[in-house]
There are 2 protein chains.
Amino acid sequence: MSTSLGIDIGGTNIKAAVVHADGRVAAFEASGWSGGAPVDALMTIERLAATVFERSGLTCETCGCGCAGLIDHRAGIVHRSPNLPQWLDVRLAEELSRHLGVPVALENDANAAAYGEFRAGAARGTTNAVMVTLGTGLGGGIILNGSIYRGSHGFAAELGHTVIDLSGGVRCACGTNGCVEPLVNAASLVSRARTLLEAGERSSLSSHAGELTARAVGEAAAQGDTMAARVMAEAGRTLGVLLGNIVATLDPDVIVVGGGVAAAGSSLLDAAATELAARTAVYQGVPTRIAVAELGDTAGVVGAALVADIAASEAFTG
Amino acid sequence: MSTSLGIDIGGTNIKAAVVHADGRVAAFEASGWSGGAPVDALMTIERLAATVFERSGLTCETCGCGCAGLIDHRAGIVHRSPNLPQWLDVRLAEELSRHLGVPVALENDANAAAYGEFRAGAARGTTNAVMVTLGTGLGGGIILNGSIYRGSHGFAAELGHTVIDLSGGVRCACGTNGCVEPLVNAASLVSRARTLLEAGERSSLSSHAGELTARAVGEAAAQGDTMAARVMAEAGRTLGVLLGNIVATLDPDVIVVGGGVAAAGSSLLDAAATELAARTAVYQGVPTRIAVAELGDTAGVVGAALVADIAASEAFTG
């Protein structure tokens with residue numbers, strides 16, 4: 001069975017894995033990095049690739065690379081990336097192919113993660129799937145009719161910057177008001193918890209106040225902390241509004257929710273599902289399933305590897 | 001060249017046309033109807049079909065029928081339709097085929113209109129197109145990779161019921177709060193104009209107050225009425241937020257805006273385009289084009305006819 005090398009370049013980590021054609025990971029390795037120049041990323045990737053090849057005892061005939069930012073997947077270029085400020089119009093697929101000696105398919109990282117969950121995770125067996133990744137930001141990936149949907153200019157699935165709260169929303173990093181991202185991301189959970197603590201609400205988080213994280217809020221909610229549960233439920237209801245908009249627009253088989261905030265506890269997703277049901281009652285039951293991501297940290301590398309595998313087999317047959 | 005019969009069943013009108021394979025209309029006829037029982041619609045359609053066949057001197061080998069409501073296009077069934085309360089699980093394609101003696105393809109009316117604009121109107125020559133139809137309600141149709149996108153359960157493109165104003169929005173007919181439809185539909189324009197008139201604003205519409213229509217507001221705005229222009233601009237900015245969400249989610253080549261409210265004047269679309277540009281400035285220019293619908297009243301029949309034409313040719317070749 002063929003294997004493919006999957007790479008995932010983020011703002012703080014680079015990951016690599018040898019991935020079987022069915023999505024199983026033969027070897028995985030991650031490395032912290034500073035989000036510096038492309039040449040540094042290439043050296044890190046070479047090292048990670050050598051590690052996963054050696055550990056798995058396998059080689060790969062193809063490589064897929066997911067990268068945050070605006071990607072031209074046909075030309076293999078990273079035009080720009082908010083988390084990689086030194087990267088401007090980098091011909092990453094070509095460079096990486098020269099270093100690794102195999103053809104390289106380049107993909108937006110959120111698309112790659114969605115494709116990973118679609119082929120080998122919580123959305124496998126479906127036709128239309130949307131993935132929402134909730135952490136520092138809110139990323140989206142859309143799979144329609146079994147393929148990544150990129151839009152006409154590579155901008156599709158920017159779900160974090162859809163507006164749901166025009167009148168009451170807060171300012172988003174993108175410069176506009178009412179986007180869903182700043183209402184449900186990790187920073188919003190911490191900020192809301194801090195506000196409630198400062199207002200004197202009793203909580204097991206009181207001792208955390210200086211170094212509060214979204215994970216800590218989620219864990220406290222899971223352990224029965226009333227204030228933390230309230231924060232998670234509020235964010236969950238807001239997330240449910242986004243899920244309703246996804247259903248009304250794309251009516252997928254499944255929406256997969258992943259990322260650090262989603263992993264922080266079930267209270268968020270429970271509240272989101274309740275809100276979604278209330279908002280779509282007019283349809284007499286929404287058949288779209290809400291699922292927790294299954295691949296965790298490896299969704300991006302698995303998806304990138306499988307994108308490359310498909311691209312290669314299409315090149316052979318087409 | 002082949003011709004196809006297009007039918008469009010709405011809540012107050014039934015339309016029929018003989019349509020050439022390139023989308024040109026050979027003959028068109030409409031009839032008011034009361035939204036009654038399916039048998040009444042079938043008799044009206046038979047009469048309209050006879051009229052357009054006679055007038056064009058042509059016959060058709062296929063028929064496509066657009067109908068408002070929840071449609072199972074594969075089974076040819078109208079499950080239910082808000083504007084046709086007597087219709088429940090009507091096997092419309094089968095019935096219509098028996099009456100007309102040709103195969104019938106059934107389609108949701110908003111999808112049919114979008115497909116009409118895609119094949120023969122403002123979105124021709126594109127790959128990915130979204131149509132927003134703004135009148136009594138706000139309907140949507142999505143064309144992706146050249147085909148109607150219906151979603152996994154036929155619910156897709158319910159754009160009027162996406163939420164954009166969670167905190168400030170008004171109650172929607174669907175039972176939830178913050179949907180875009182009641183913020184920009186015909187009734188909202190009339191209601192806003194009436195409020196401003198009652199507050200004593202000077203306007204050429206003062207004499208209309210009893211029988212105010214969205215069309216009258218649009219016409220007054222076009223003729224330079226300040227109050228009417230303000231109403232149109234407010235609705236336009238809100239529409240622009242929806243357009244921004246469509247761009248962020250689907251990144252289409254074009255968004256076509258049609259329907260009575262859109263036809264009522266350019267001030268609405270101008271304001272929408274300005275708002276869209278402001279909200280997507282972070283992308284350094286949105287390549288998605290905003291276009292006014294070109295087919296007007298015939299978009300639905302043209303689209304339905306062409307859907308049937310495609311379905312028939314696929315049946316022959318596939």
# chains A, B, ... in the order shown; residues from 1 in each chain; ligands from 1

call {"tool": "interface_residues", "arguments": {"of": "chain B", "to": "chain A", "cutoff": "9 Å", "atoms": "only C-alpha atoms", "output": "ChimeraX atom specification"}}
result
/B:127-128,140,142,144,149-169,174-178,238,241-242,244-253,278-283,287-288

call {"tool": "residues_around", "arguments": {"residues": "Leu269 of chain A", "least_positions_apart": "4", "cutoff": "9 Å", "atoms": "only C-alpha atoms", "output": "PDB file with N, CA and C atoms, in the first residue's frame"}}
result
ATOM      1  N   MET A 232     -18.463  28.573  29.188  1.00  0.00           N
ATOM      2  CA  MET A 232     -18.444  27.615  28.076  1.00  0.00           C
ATOM      3  C   MET A 232     -19.807  27.554  27.379  1.00  0.00           C
ATOM      4  N   ALA A 233     -20.885  27.620  28.165  1.00  0.00           N
ATOM      5  CA  ALA A 233     -22.232  27.539  27.585  1.00  0.00           C
ATOM      6  C   ALA A 233     -22.542  28.773  26.740  1.00  0.00           C
ATOM      7  N   GLY A 236     -20.665  28.395  23.623  1.00  0.00           N
ATOM      8  CA  GLY A 236     -21.277  27.295  22.879  1.00  0.00           C
ATOM      9  C   GLY A 236     -22.533  27.737  22.153  1.00  0.00           C
ATOM     10  N   ARG A 237     -23.359  28.550  22.819  1.00  0.00           N
ATOM     11  CA  ARG A 237     -24.573  29.025  22.158  1.00  0.00           C
ATOM     12  C   ARG A 237     -24.219  29.885  20.950  1.00  0.00           C
ATOM     13  N   LEU A 239     -21.441  29.656  19.202  1.00  0.00           N
ATOM     14  CA  LEU A 239     -20.961  28.714  18.187  1.00  0.00           C
ATOM     15  C   LEU A 239     -22.134  28.038  17.482  1.00  0.00           C
ATOM     16  N   GLY A 240     -23.202  27.746  18.252  1.00  0.00           N
ATOM     17  CA  GLY A 240     -24.393  27.122  17.671  1.00  0.00           C
ATOM     18  C   GLY A 240     -25.044  27.975  16.592  1.00  0.00           C
ATOM     19  N   VAL A 257     -16.258  19.609  14.721  1.00  0.00           N
ATOM     20  CA  VAL A 257     -15.679  20.697  15.504  1.00  0.00           C
ATOM     21  C   VAL A 257     -14.401  20.201  16.160  1.00  0.00           C
ATOM     22  N   ALA A 262     -12.422  23.318  21.478  1.00  0.00           N
ATOM     23  CA  ALA A 262     -13.406  22.238  21.393  1.00  0.00           C
ATOM     24  C   ALA A 262     -12.977  21.053  22.244  1.00  0.00           C
ATOM     25  N   GLY A 265     -13.595  20.566  26.507  1.00  0.00           N
ATOM     26  CA  GLY A 265     -14.712  20.064  27.297  1.00  0.00           C
ATOM     27  C   GLY A 265     -15.982  19.967  26.483  1.00  0.00           C
ATOM     28  N   ALA A 273     -25.006  22.466  20.243  1.00  0.00           N
ATOM     29  CA  ALA A 273     -26.000  21.570  19.641  1.00  0.00           C
ATOM     30  C   ALA A 273     -27.413  21.969  20.045  1.00  0.00           C
ATOM     31  N   THR A 274     -27.576  22.390  21.313  1.00  0.00           N
ATOM     32  CA  THR A 274     -28.888  22.822  21.797  1.00  0.00           C
ATOM     33  C   THR A 274     -29.350  24.073  21.041  1.00  0.00           C
ATOM     34  N   ILE A 290     -23.521  16.816  14.297  1.00  0.00           N
ATOM     35  CA  ILE A 290     -22.408  17.578  14.860  1.00  0.00           C
ATOM     36  C   ILE A 290     -21.466  16.572  15.515  1.00  0.00           C
ATOM     37  N   ALA A 291     -20.198  16.601  15.153  1.00  0.00           N
ATOM     38  CA  ALA A 291     -19.268  15.592  15.660  1.00  0.00           C
ATOM     39  C   ALA A 291     -17.993  16.243  16.167  1.00  0.00           C
ATOM     40  N   VAL A 292     -17.398  15.630  17.173  1.00  0.00           N
ATOM     41  CA  VAL A 292     -16.108  16.093  17.684  1.00  0.00           C
ATOM     42  C   VAL A 292     -15.006  15.517  16.801  1.00  0.00           C
TER      43      VAL A 292
END

call {"tool": "select_by_dssp", "arguments": {"residues": "segment 119-305 of chain B", "states": "strand (DSSP E or B)", "output": "list in words"}}
result
Ala129, Val130, Met131, Val132, Thr133, Leu134, Leu138, Gly139, Gly140, Gly141, Ile142, Ile143, Leu144, Ser147, Ile148, Val163, Asp165, Arg171, Asn177, Cys179, Val254, Ile255, Val256, Val257, Gly258, Arg289, Ile290, Ala291 and Val292 of chain B

call {"tool": "closest_residue", "arguments": {"among": "A:Val52, A:Asn185, A:Ala120, A:Leu268", "to": "Ala221 of chain A", "atoms": "only C-alpha atoms"}}
result
A:Leu268

call {"tool": "closest_residue", "arguments": {"among": "B:Leu212, B:Val217, B:Ile255, B:Ala114", "to": "Gly66 of chain B", "atoms": "only C-alpha atoms"}}
result
B:Ala114

call {"tool": "residues_around", "arguments": {"residues": "Leu58 of chain B", "least_positions_apart": "6", "cutoff": "12 Å", "atoms": "only C-alpha atoms", "output": "MDAnalysis selection string"}}
result
chainID B and resid 1:5 17:20 25:27 49:52

call {"tool": "atom_distance", "arguments": {"atom1": "atom CA of Glu117 of chain A", "atom2": "atom CA of Gly10 of chain A"}}
result
18.0 Å

call {"tool": "select_by_dssp", "arguments": {"residues": "segment 63-165 of chain A", "states": "helix (DSSP H, G or I)", "output": "CSV table (one decimal) with N, CA and C atoms, in the first residue's frame"}}
result
chain,number,residue,atom,x,y,z
A,92,LEU,N,6.6,27.4,-2.4
A,92,LEU,CA,6.9,26.3,-1.4
A,92,LEU,C,6.9,24.9,-2.0
A,93,ALA,N,5.9,24.6,-2.8
A,93,ALA,CA,5.8,23.3,-3.4
A,93,ALA,C,7.1,22.9,-4.1
A,94,GLU,N,7.6,23.9,-4.9
A,94,GLU,CA,8.8,23.7,-5.8
A,94,GLU,C,10.0,23.5,-4.9
A,95,GLU,N,10.2,24.4,-3.9
A,95,GLU,CA,11.3,24.3,-3.0
A,95,GLU,C,11.3,23.0,-2.2
A,96,LEU,N,10.1,22.6,-1.7
A,96,LEU,CA,10.0,21.4,-0.9
A,96,LEU,C,10.3,20.2,-1.7
A,97,SER,N,9.8,20.2,-3.0
A,97,SER,CA,10.0,19.1,-3.9
A,97,SER,C,11.5,18.9,-4.2
A,98,ARG,N,12.2,20.0,-4.3
A,98,ARG,CA,13.7,19.9,-4.5
A,98,ARG,C,14.4,19.3,-3.3
A,99,HIS,N,14.0,19.7,-2.1
A,99,HIS,CA,14.6,19.2,-0.9
A,99,HIS,C,14.3,17.7,-0.7
A,100,LEU,N,13.0,17.3,-1.0
A,100,LEU,CA,12.6,16.0,-0.7
A,100,LEU,C,12.7,15.0,-1.8
A,109,ASP,N,-3.9,25.0,5.5
A,109,ASP,CA,-3.9,24.0,6.6
A,109,ASP,C,-5.3,23.6,7.1
A,110,ALA,N,-6.2,24.6,7.1
A,110,ALA,CA,-7.6,24.3,7.6
A,110,ALA,C,-8.3,23.3,6.6
A,111,ASN,N,-8.0,23.5,5.3
A,111,ASN,CA,-8.6,22.6,4.3
A,111,ASN,C,-8.0,21.2,4.5
A,112,ALA,N,-6.7,21.1,4.7
A,112,ALA,CA,-6.0,19.8,4.9
A,112,ALA,C,-6.6,19.1,6.1
A,113,ALA,N,-6.8,19.9,7.2
A,113,ALA,CA,-7.4,19.2,8.4
A,113,ALA,C,-8.8,18.7,8.2
A,114,ALA,N,-9.6,19.5,7.5
A,114,ALA,CA,-10.9,19.1,7.1
A,114,ALA,C,-10.9,17.8,6.3
A,115,TYR,N,-9.9,17.8,5.3
A,115,TYR,CA,-9.8,16.6,4.4
A,115,TYR,C,-9.4,15.4,5.2
A,116,GLY,N,-8.5,15.6,6.2
A,116,GLY,CA,-8.1,14.5,7.1
A,116,GLY,C,-9.3,13.9,7.8
A,117,GLU,N,-10.1,14.7,8.5
A,117,GLU,CA,-11.2,14.2,9.2
A,117,GLU,C,-12.2,13.6,8.2
A,118,PHE,N,-12.3,14.1,7.0
A,118,PHE,CA,-13.2,13.6,6.0
A,118,PHE,C,-12.8,12.2,5.6
A,119,ARG,N,-11.5,12.0,5.4
A,119,ARG,CA,-11.1,10.7,4.8
A,119,ARG,C,-10.8,9.7,5.9
A,120,ALA,N,-10.4,10.1,7.1
A,120,ALA,CA,-10.0,9.2,8.1
A,120,ALA,C,-10.4,9.5,9.5
A,159,LEU,N,-14.7,30.9,7.8
A,159,LEU,CA,-15.9,30.9,8.6
A,159,LEU,C,-15.8,31.8,9.8
A,160,GLY,N,-14.6,31.9,10.4
A,160,GLY,CA,-14.4,32.8,11.5
A,160,GLY,C,-14.7,34.2,11.3
A,161,HIS,N,-14.7,34.6,10.0
A,161,HIS,CA,-14.9,36.0,9.6
A,161,HIS,C,-16.3,36.2,9.0

call {"tool": "atom_distance", "arguments": {"atom1": "atom CA of Asp225 of chain A", "atom2": "atom CA of Arg289 of chain A"}}
result
28.3 Å

call {"tool": "closest_residue", "arguments": {"among": "B:Thr213, B:Thr44, B:Asn83, B:Asn108", "to": "Gly137 of chain B", "atoms": "only C-alpha atoms"}}
result
B:Asn83

call {"tool": "atom_distance", "arguments": {"atom1": "atom CA of Ala214 of chain B", "atom2": "atom CA of Ser81 of chain B"}}
result
24.4 Å

call {"tool": "decode", "arguments": {"residues": "segment 165-206 of chain B", "atoms": "N, CA and C atoms", "output": "PDB file, in the first residue's frame"}}
result
ATOM      1  N   ASP B 165     -27.467  39.246  12.878  1.00  0.00           N
ATOM      2  CA  ASP B 165     -27.646  40.305  13.874  1.00  0.00           C
ATOM      3  C   ASP B 165     -28.308  39.753  15.126  1.00  0.00           C
ATOM      4  N   LEU B 166     -27.535  38.875  15.761  1.00  0.00           N
ATOM      5  CA  LEU B 166     -27.978  38.144  16.940  1.00  0.00           C
ATOM      6  C   LEU B 166     -28.485  39.054  18.052  1.00  0.00           C
ATOM      7  N   SER B 167     -27.775  40.154  18.317  1.00  0.00           N
ATOM      8  CA  SER B 167     -28.147  41.025  19.434  1.00  0.00           C
ATOM      9  C   SER B 167     -29.215  42.035  19.050  1.00  0.00           C
ATOM     10  N   GLY B 168     -29.142  42.564  17.815  1.00  0.00           N
ATOM     11  CA  GLY B 168     -30.030  43.658  17.462  1.00  0.00           C
ATOM     12  C   GLY B 168     -31.157  43.256  16.527  1.00  0.00           C
ATOM     13  N   GLY B 169     -31.105  42.053  16.015  1.00  0.00           N
ATOM     14  CA  GLY B 169     -32.038  41.643  14.975  1.00  0.00           C
ATOM     15  C   GLY B 169     -33.466  41.533  15.453  1.00  0.00           C
ATOM     16  N   VAL B 170     -34.378  41.480  14.513  1.00  0.00           N
ATOM     17  CA  VAL B 170     -35.797  41.332  14.834  1.00  0.00           C
ATOM     18  C   VAL B 170     -36.187  39.866  14.697  1.00  0.00           C
ATOM     19  N   ARG B 171     -37.367  39.550  15.198  1.00  0.00           N
ATOM     20  CA  ARG B 171     -37.900  38.192  15.124  1.00  0.00           C
ATOM     21  C   ARG B 171     -38.209  37.850  13.668  1.00  0.00           C
ATOM     22  N   CYS B 172     -37.821  36.683  13.240  1.00  0.00           N
ATOM     23  CA  CYS B 172     -38.071  36.243  11.865  1.00  0.00           C
ATOM     24  C   CYS B 172     -39.295  35.327  11.836  1.00  0.00           C
ATOM     25  N   ALA B 173     -39.930  35.225  10.685  1.00  0.00           N
ATOM     26  CA  ALA B 173     -41.073  34.328  10.527  1.00  0.00           C
ATOM     27  C   ALA B 173     -40.705  32.881  10.857  1.00  0.00           C
ATOM     28  N   CYS B 174     -39.426  32.537  10.751  1.00  0.00           N
ATOM     29  CA  CYS B 174     -38.992  31.165  11.035  1.00  0.00           C
ATOM     30  C   CYS B 174     -38.941  30.888  12.528  1.00  0.00           C
ATOM     31  N   GLY B 175     -39.147  31.921  13.352  1.00  0.00           N
ATOM     32  CA  GLY B 175     -39.236  31.702  14.791  1.00  0.00           C
ATOM     33  C   GLY B 175     -37.972  32.033  15.560  1.00  0.00           C
ATOM     34  N   THR B 176     -36.919  32.423  14.858  1.00  0.00           N
ATOM     35  CA  THR B 176     -35.674  32.719  15.553  1.00  0.00           C
ATOM     36  C   THR B 176     -35.337  34.199  15.393  1.00  0.00           C
ATOM     37  N   ASN B 177     -34.263  34.637  15.988  1.00  0.00           N
ATOM     38  CA  ASN B 177     -33.932  36.056  16.024  1.00  0.00           C
ATOM     39  C   ASN B 177     -32.638  36.349  15.268  1.00  0.00           C
ATOM     40  N   GLY B 178     -32.627  37.434  14.518  1.00  0.00           N
ATOM     41  CA  GLY B 178     -31.378  37.870  13.901  1.00  0.00           C
ATOM     42  C   GLY B 178     -31.167  37.435  12.464  1.00  0.00           C
ATOM     43  N   CYS B 179     -32.133  36.708  11.875  1.00  0.00           N
ATOM     44  CA  CYS B 179     -32.021  36.311  10.470  1.00  0.00           C
ATOM     45  C   CYS B 179     -31.951  37.558   9.581  1.00  0.00           C
ATOM     46  N   VAL B 180     -31.289  37.427   8.455  1.00  0.00           N
ATOM     47  CA  VAL B 180     -31.146  38.566   7.557  1.00  0.00           C
ATOM     48  C   VAL B 180     -32.467  38.898   6.839  1.00  0.00           C
ATOM     49  N   GLU B 181     -33.308  37.905   6.581  1.00  0.00           N
ATOM     50  CA  GLU B 181     -34.526  38.149   5.785  1.00  0.00           C
ATOM     51  C   GLU B 181     -35.391  39.301   6.286  1.00  0.00           C
ATOM     52  N   PRO B 182     -35.807  39.314   7.569  1.00  0.00           N
ATOM     53  CA  PRO B 182     -36.708  40.395   8.001  1.00  0.00           C
ATOM     54  C   PRO B 182     -36.010  41.752   8.132  1.00  0.00           C
ATOM     55  N   LEU B 183     -34.697  41.791   7.929  1.00  0.00           N
ATOM     56  CA  LEU B 183     -33.983  43.067   7.987  1.00  0.00           C
ATOM     57  C   LEU B 183     -33.907  43.759   6.637  1.00  0.00           C
ATOM     58  N   VAL B 184     -34.168  43.002   5.552  1.00  0.00           N
ATOM     59  CA  VAL B 184     -33.965  43.583   4.223  1.00  0.00           C
ATOM     60  C   VAL B 184     -35.117  43.310   3.251  1.00  0.00           C
ATOM     61  N   ASN B 185     -36.117  42.542   3.664  1.00  0.00           N
ATOM     62  CA  ASN B 185     -37.186  42.198   2.710  1.00  0.00           C
ATOM     63  C   ASN B 185     -38.131  43.378   2.471  1.00  0.00           C
ATOM     64  N   ALA B 186     -39.061  43.199   1.575  1.00  0.00           N
ATOM     65  CA  ALA B 186     -39.965  44.276   1.188  1.00  0.00           C
ATOM     66  C   ALA B 186     -40.689  44.864   2.398  1.00  0.00           C
ATOM     67  N   ALA B 187     -41.195  43.997   3.263  1.00  0.00           N
ATOM     68  CA  ALA B 187     -41.944  44.478   4.425  1.00  0.00           C
ATOM     69  C   ALA B 187     -41.072  45.352   5.328  1.00  0.00           C
ATOM     70  N   SER B 188     -39.781  45.010   5.437  1.00  0.00           N
ATOM     71  CA  SER B 188     -38.901  45.791   6.317  1.00  0.00           C
ATOM     72  C   SER B 188     -38.672  47.194   5.759  1.00  0.00           C
ATOM     73  N   LEU B 189     -38.613  47.317   4.428  1.00  0.00           N
ATOM     74  CA  LEU B 189     -38.449  48.646   3.820  1.00  0.00           C
ATOM     75  C   LEU B 189     -39.678  49.508   4.094  1.00  0.00           C
ATOM     76  N   VAL B 190     -40.842  48.916   3.904  1.00  0.00           N
ATOM     77  CA  VAL B 190     -42.099  49.636   4.121  1.00  0.00           C
ATOM     78  C   VAL B 190     -42.222  50.050   5.588  1.00  0.00           C
ATOM     79  N   SER B 191     -41.907  49.123   6.466  1.00  0.00           N
ATOM     80  CA  SER B 191     -42.034  49.387   7.896  1.00  0.00           C
ATOM     81  C   SER B 191     -41.087  50.505   8.338  1.00  0.00           C
ATOM     82  N   ARG B 192     -39.848  50.455   7.832  1.00  0.00           N
ATOM     83  CA  ARG B 192     -38.869  51.478   8.201  1.00  0.00           C
ATOM     84  C   ARG B 192     -39.292  52.853   7.651  1.00  0.00           C
ATOM     85  N   ALA B 193     -39.783  52.882   6.414  1.00  0.00           N
ATOM     86  CA  ALA B 193     -40.235  54.146   5.816  1.00  0.00           C
ATOM     87  C   ALA B 193     -41.408  54.713   6.621  1.00  0.00           C
ATOM     88  N   ARG B 194     -42.315  53.826   7.004  1.00  0.00           N
ATOM     89  CA  ARG B 194     -43.491  54.273   7.765  1.00  0.00           C
ATOM     90  C   ARG B 194     -43.076  54.876   9.101  1.00  0.00           C
ATOM     91  N   THR B 195     -42.118  54.213   9.769  1.00  0.00           N
ATOM     92  CA  THR B 195     -41.623  54.724  11.054  1.00  0.00           C
ATOM     93  C   THR B 195     -41.049  56.126  10.892  1.00  0.00           C
ATOM     94  N   LEU B 196     -40.245  56.318   9.828  1.00  0.00           N
ATOM     95  CA  LEU B 196     -39.632  57.631   9.612  1.00  0.00           C
ATOM     96  C   LEU B 196     -40.691  58.678   9.273  1.00  0.00           C
ATOM     97  N   LEU B 197     -41.692  58.289   8.487  1.00  0.00           N
ATOM     98  CA  LEU B 197     -42.780  59.222   8.153  1.00  0.00           C
ATOM     99  C   LEU B 197     -43.535  59.630   9.413  1.00  0.00           C
ATOM    100  N   GLU B 198     -43.821  58.632  10.254  1.00  0.00           N
ATOM    101  CA  GLU B 198     -44.569  58.914  11.482  1.00  0.00           C
ATOM    102  C   GLU B 198     -43.760  59.789  12.438  1.00  0.00           C
ATOM    103  N   ALA B 199     -42.429  59.666  12.337  1.00  0.00           N
ATOM    104  CA  ALA B 199     -41.564  60.522  13.162  1.00  0.00           C
ATOM    105  C   ALA B 199     -41.467  61.933  12.594  1.00  0.00           C
ATOM    106  N   GLY B 200     -42.170  62.166  11.465  1.00  0.00           N
ATOM    107  CA  GLY B 200     -42.240  63.517  10.919  1.00  0.00           C
ATOM    108  C   GLY B 200     -41.206  63.851   9.861  1.00  0.00           C
ATOM    109  N   GLU B 201     -40.473  62.858   9.361  1.00  0.00           N
ATOM    110  CA  GLU B 201     -39.482  63.172   8.316  1.00  0.00           C
ATOM    111  C   GLU B 201     -40.188  63.598   7.030  1.00  0.00           C
ATOM    112  N   ARG B 202     -39.600  64.582   6.371  1.00  0.00           N
ATOM    113  CA  ARG B 202     -40.190  65.067   5.120  1.00  0.00           C
ATOM    114  C   ARG B 202     -39.827  64.124   3.988  1.00  0.00           C
ATOM    115  N   SER B 203     -40.824  63.813   3.171  1.00  0.00           N
ATOM    116  CA  SER B 203     -40.574  62.869   2.081  1.00  0.00           C
ATOM    117  C   SER B 203     -41.694  62.965   1.058  1.00  0.00           C
ATOM    118  N   SER B 204     -41.349  62.700  -0.196  1.00  0.00           N
ATOM    119  CA  SER B 204     -42.366  62.627  -1.241  1.00  0.00           C
ATOM    120  C   SER B 204     -43.313  61.457  -0.999  1.00  0.00           C
ATOM    121  N   LEU B 205     -42.931  60.562  -0.071  1.00  0.00           N
ATOM    122  CA  LEU B 205     -43.765  59.395   0.214  1.00  0.00           C
ATOM    123  C   LEU B 205     -44.897  59.714   1.188  1.00  0.00           C
ATOM    124  N   SER B 206     -44.918  60.920   1.751  1.00  0.00           N
ATOM    125  CA  SER B 206     -45.935  61.256   2.756  1.00  0.00           C
ATOM    126  C   SER B 206     -47.335  60.965   2.245  1.00  0.00           C
TER     127      SER B 206
END
